[in-house]
Amino acid sequence: MSRPWILVSPASRGIGYALTRHLLRTTTAPVLATARTDLSGVRASILDSLASSPLLEGGVSRRLHLTQADVTNESTLQSAAAEAAKLFPPSTHHLHLAFALPGILHPEKSPRDVNYENALHTLQVNVLGPLMLMKHFSEFLPRKSTTTSPELLFPSAPISNPSSSPRDEGPGEQQARFPNHATWLTASARVGSTSDNRLGGWYTYRASKAAVNSLTKTFDLHLKARSARNAMAMAYHPGTVRTGLSREYWGRVREDKLFSPEYAAKRIMEVVRTRKIGDRGRCWDWKGEEVLP
């Protein structure tokens with residue numbers, strides 16, 4: 001039986017950082033996390049205080065692998081994929097969970113606000129970034145003939161209740177079963193929905209997230225042919241999370257709708273857990289509801 005591993009890119013801050021810590025606490029699989037710089041500092045920060053979890057005693061540091069990856073520099077992704085192949089040979093391992101999370105925001109209220117350099121950078125990070133991750137890491141996903149089992153990854157998978165407080169990071173979780181299929185998740189946003197666009201603005205960010213949703217559908221069709229029911233792709237809207245990307249807008253969001261990165265990580269995993277193979281190729285939000293194109 002093929003052995004699973006997990007990819008989180010990037011993992012140096014925000015949702016990716018919280019998600020990496022959450023995965024190390026709640027799974028037994030190795031995690032390949034990426035950062036652009038300061039790998040030793042990112043590693044130390046991710047591992048800080050995690051040893052208090054019974055699941056992690058004696059093994060957490062061995063399960064975390066940090067590698068450099070800058071989604072605007074393809075050579076770093078080539079190197080990261082080569083390192084992944086050494087750590088997790090495809091003959092014995094498969095990528096079971098992949099979280100492609102690159103994202104930046106340069107808000108514009110009108111066309112006159114669009115700066116060419118900022119717009120180009122947004123598309124490079126938000127669109128080409130996930131696409132290049134697909135290019136270099138999709139071959140690690142299981143094929144039709146791969147035998148997978150979630151038990152090797154989630155010995156005691158928790159359920160996170162969407163009606164609970166976003167600031168509730170304590171226990172109070174139930175046991176749950178994960179599906180057999182692998183999942184490739186790409187960070188999107190509700191503003192990427194054309195049908196939901198009622199306010200306008202944010203030209204390049206909206207366009208980049210609409211592109212992510214289109215890429216997700218196209219990539220999933222590729223996986224459907226390559227992997228059949230063994231792998232699926234989905235886009236994901238995490239809500240408004242208290243990260244650097246949304247800092248300017250915290251004051252405009254209701255307190256119960258401004259999520260901590262830790263809560264956002266729990267919700268990502270719960271939505272991934274509850275997606276059936278028929279849910280493939282679409283965008284889902286933190287409540288498990290579809291975000292229409």
# chains A, B, ... in the order shown; residues from 1 in each chain; ligands from 1
>>> residues_around(residues="Ala182 of chain A", least_positions_apart="5", cutoff="10 Å", atoms="only C-alpha atoms", output="PyMOL selection string")
chain A and resi 4+6+94-98+141-143+148-150+227+229-233+272+277
>>> closest_residue(among="A:Tyr205, A:Trp5, A:Phe140, A:Phe219", to="His121 of chain A", atoms="only C-alpha atoms")
A:Tyr205
>>> atom_distance(atom1="atom CA of Ile46 of chain A", atom2="atom CA of Arg21 of chain A")
6.0 Å
>>> closest_atom_pairs(of="segment 40-121 of chain A", to="segment 195-203 of chain A", cutoff="6 Å", atoms="only C-alpha atoms", output="JSON lines")
{"residue": "A:Pro107", "atom": "CA", "partner": "A:Trp202", "partner_atom": "CA", "distance": 4.8}
{"residue": "A:Glu108", "atom": "CA", "partner": "A:Trp202", "partner_atom": "CA", "distance": 4.7}
{"residue": "A:Lys109", "atom": "CA", "partner": "A:Gly201", "partner_atom": "CA", "distance": 4.5}
>>> closest_residue(among="A:Leu292, A:Pro179, A:Leu7, A:Leu19", to="Thr194 of chain A", atoms="only C-alpha atoms")
A:Leu292
>>> select_by_dssp(residues="segment 47-271 of chain A", states="strand (DSSP E or B)", output="PyMOL selection string")
chain A and resi 64-68+70+73+93-100+157-158+175-176+182-187+231-237+240-241+258-259
>>> decode(residues="segment 6-44 of chain A", atoms="N, CA and C atoms", output="short mmCIF file (atom, residue, chain, number, x, y, z; two decimals), in the first residue's frame")
data_model
loop_
_atom_site.label_atom_id
_atom_site.label_comp_id
_atom_site.auth_asym_id
_atom_site.auth_seq_id
_atom_site.Cartn_x
_atom_site.Cartn_y
_atom_site.Cartn_z
N ILE A 6 2.07 14.95 2.71
CA ILE A 6 1.28 16.18 2.59
C ILE A 6 2.17 17.32 2.13
N LEU A 7 1.62 18.19 1.29
CA LEU A 7 2.32 19.39 0.83
C LEU A 7 1.56 20.63 1.27
N VAL A 8 2.27 21.59 1.86
CA VAL A 8 1.70 22.90 2.18
C VAL A 8 2.63 23.97 1.62
N SER A 9 2.10 24.80 0.71
CA SER A 9 2.94 25.82 0.07
C SER A 9 2.14 27.10 -0.16
N PRO A 10 2.58 28.20 0.48
CA PRO A 10 3.67 28.33 1.43
C PRO A 10 3.19 28.07 2.86
N ALA A 11 4.17 27.91 3.77
CA ALA A 11 3.84 27.60 5.17
C ALA A 11 4.50 28.55 6.15
N SER A 12 5.01 29.65 5.66
CA SER A 12 5.80 30.54 6.51
C SER A 12 4.96 31.49 7.36
N ARG A 13 3.69 31.69 7.00
CA ARG A 13 2.84 32.62 7.76
C ARG A 13 1.38 32.34 7.43
N GLY A 14 0.49 33.03 8.15
CA GLY A 14 -0.93 32.99 7.84
C GLY A 14 -1.55 31.60 7.90
N ILE A 15 -2.44 31.34 6.95
CA ILE A 15 -3.17 30.08 6.94
C ILE A 15 -2.23 28.89 6.74
N GLY A 16 -1.26 29.02 5.86
CA GLY A 16 -0.34 27.92 5.61
C GLY A 16 0.45 27.53 6.84
N TYR A 17 0.86 28.51 7.60
CA TYR A 17 1.59 28.26 8.85
C TYR A 17 0.71 27.53 9.86
N ALA A 18 -0.50 28.05 10.07
CA ALA A 18 -1.43 27.41 11.02
C ALA A 18 -1.83 26.02 10.55
N LEU A 19 -2.02 25.86 9.25
CA LEU A 19 -2.41 24.56 8.72
C LEU A 19 -1.30 23.52 8.90
N THR A 20 -0.07 23.92 8.70
CA THR A 20 1.05 23.00 8.90
C THR A 20 1.10 22.52 10.34
N ARG A 21 0.96 23.43 11.27
CA ARG A 21 0.94 23.05 12.68
C ARG A 21 -0.24 22.13 12.99
N HIS A 22 -1.39 22.44 12.42
CA HIS A 22 -2.58 21.62 12.64
C HIS A 22 -2.36 20.20 12.09
N LEU A 23 -1.79 20.10 10.93
CA LEU A 23 -1.53 18.79 10.32
C LEU A 23 -0.53 17.98 11.13
N LEU A 24 0.47 18.64 11.67
CA LEU A 24 1.44 17.94 12.50
C LEU A 24 0.81 17.43 13.80
N ARG A 25 -0.19 18.17 14.28
CA ARG A 25 -0.88 17.76 15.51
C ARG A 25 -1.87 16.62 15.27
N THR A 26 -2.51 16.60 14.11
CA THR A 26 -3.66 15.72 13.91
C THR A 26 -3.44 14.58 12.93
N THR A 27 -2.28 14.53 12.29
CA THR A 27 -1.99 13.42 11.38
C THR A 27 -0.67 12.77 11.78
N THR A 28 -0.39 11.64 11.17
CA THR A 28 0.89 10.96 11.41
C THR A 28 1.76 10.96 10.16
N ALA A 29 1.33 11.66 9.13
CA ALA A 29 2.05 11.66 7.85
C ALA A 29 3.15 12.72 7.84
N PRO A 30 4.17 12.52 7.03
CA PRO A 30 5.18 13.56 6.84
C PRO A 30 4.60 14.75 6.07
N VAL A 31 5.08 15.93 6.40
CA VAL A 31 4.60 17.17 5.77
C VAL A 31 5.78 17.87 5.12
N LEU A 32 5.65 18.16 3.83
CA LEU A 32 6.63 18.97 3.13
C LEU A 32 6.07 20.38 3.06
N ALA A 33 6.69 21.31 3.80
CA ALA A 33 6.24 22.69 3.85
C ALA A 33 7.26 23.57 3.13
N THR A 34 6.79 24.64 2.50
CA THR A 34 7.71 25.49 1.76
C THR A 34 7.74 26.90 2.32
N ALA A 35 8.87 27.56 2.09
CA ALA A 35 9.03 28.97 2.45
C ALA A 35 10.03 29.56 1.47
N ARG A 36 9.95 30.85 1.27
CA ARG A 36 10.89 31.49 0.34
C ARG A 36 12.26 31.69 0.96
N THR A 37 12.28 32.03 2.27
CA THR A 37 13.54 32.34 2.94
C THR A 37 13.50 31.83 4.38
N ASP A 38 14.63 31.89 5.05
CA ASP A 38 14.75 31.59 6.48
C ASP A 38 14.13 30.25 6.84
N LEU A 39 14.55 29.19 6.18
CA LEU A 39 13.95 27.88 6.41
C LEU A 39 14.13 27.42 7.86
N SER A 40 15.29 27.67 8.43
CA SER A 40 15.52 27.21 9.80
C SER A 40 14.63 27.97 10.79
N GLY A 41 14.43 29.27 10.55
CA GLY A 41 13.57 30.05 11.43
C GLY A 41 12.11 29.64 11.31
N VAL A 42 11.65 29.39 10.07
CA VAL A 42 10.28 28.94 9.86
C VAL A 42 10.06 27.58 10.51
N ARG A 43 11.03 26.70 10.35
CA ARG A 43 10.92 25.36 10.94
C ARG A 43 10.80 25.45 12.47
N ALA A 44 11.67 26.25 13.09
CA ALA A 44 11.65 26.38 14.54
C ALA A 44 10.32 26.96 15.02
#
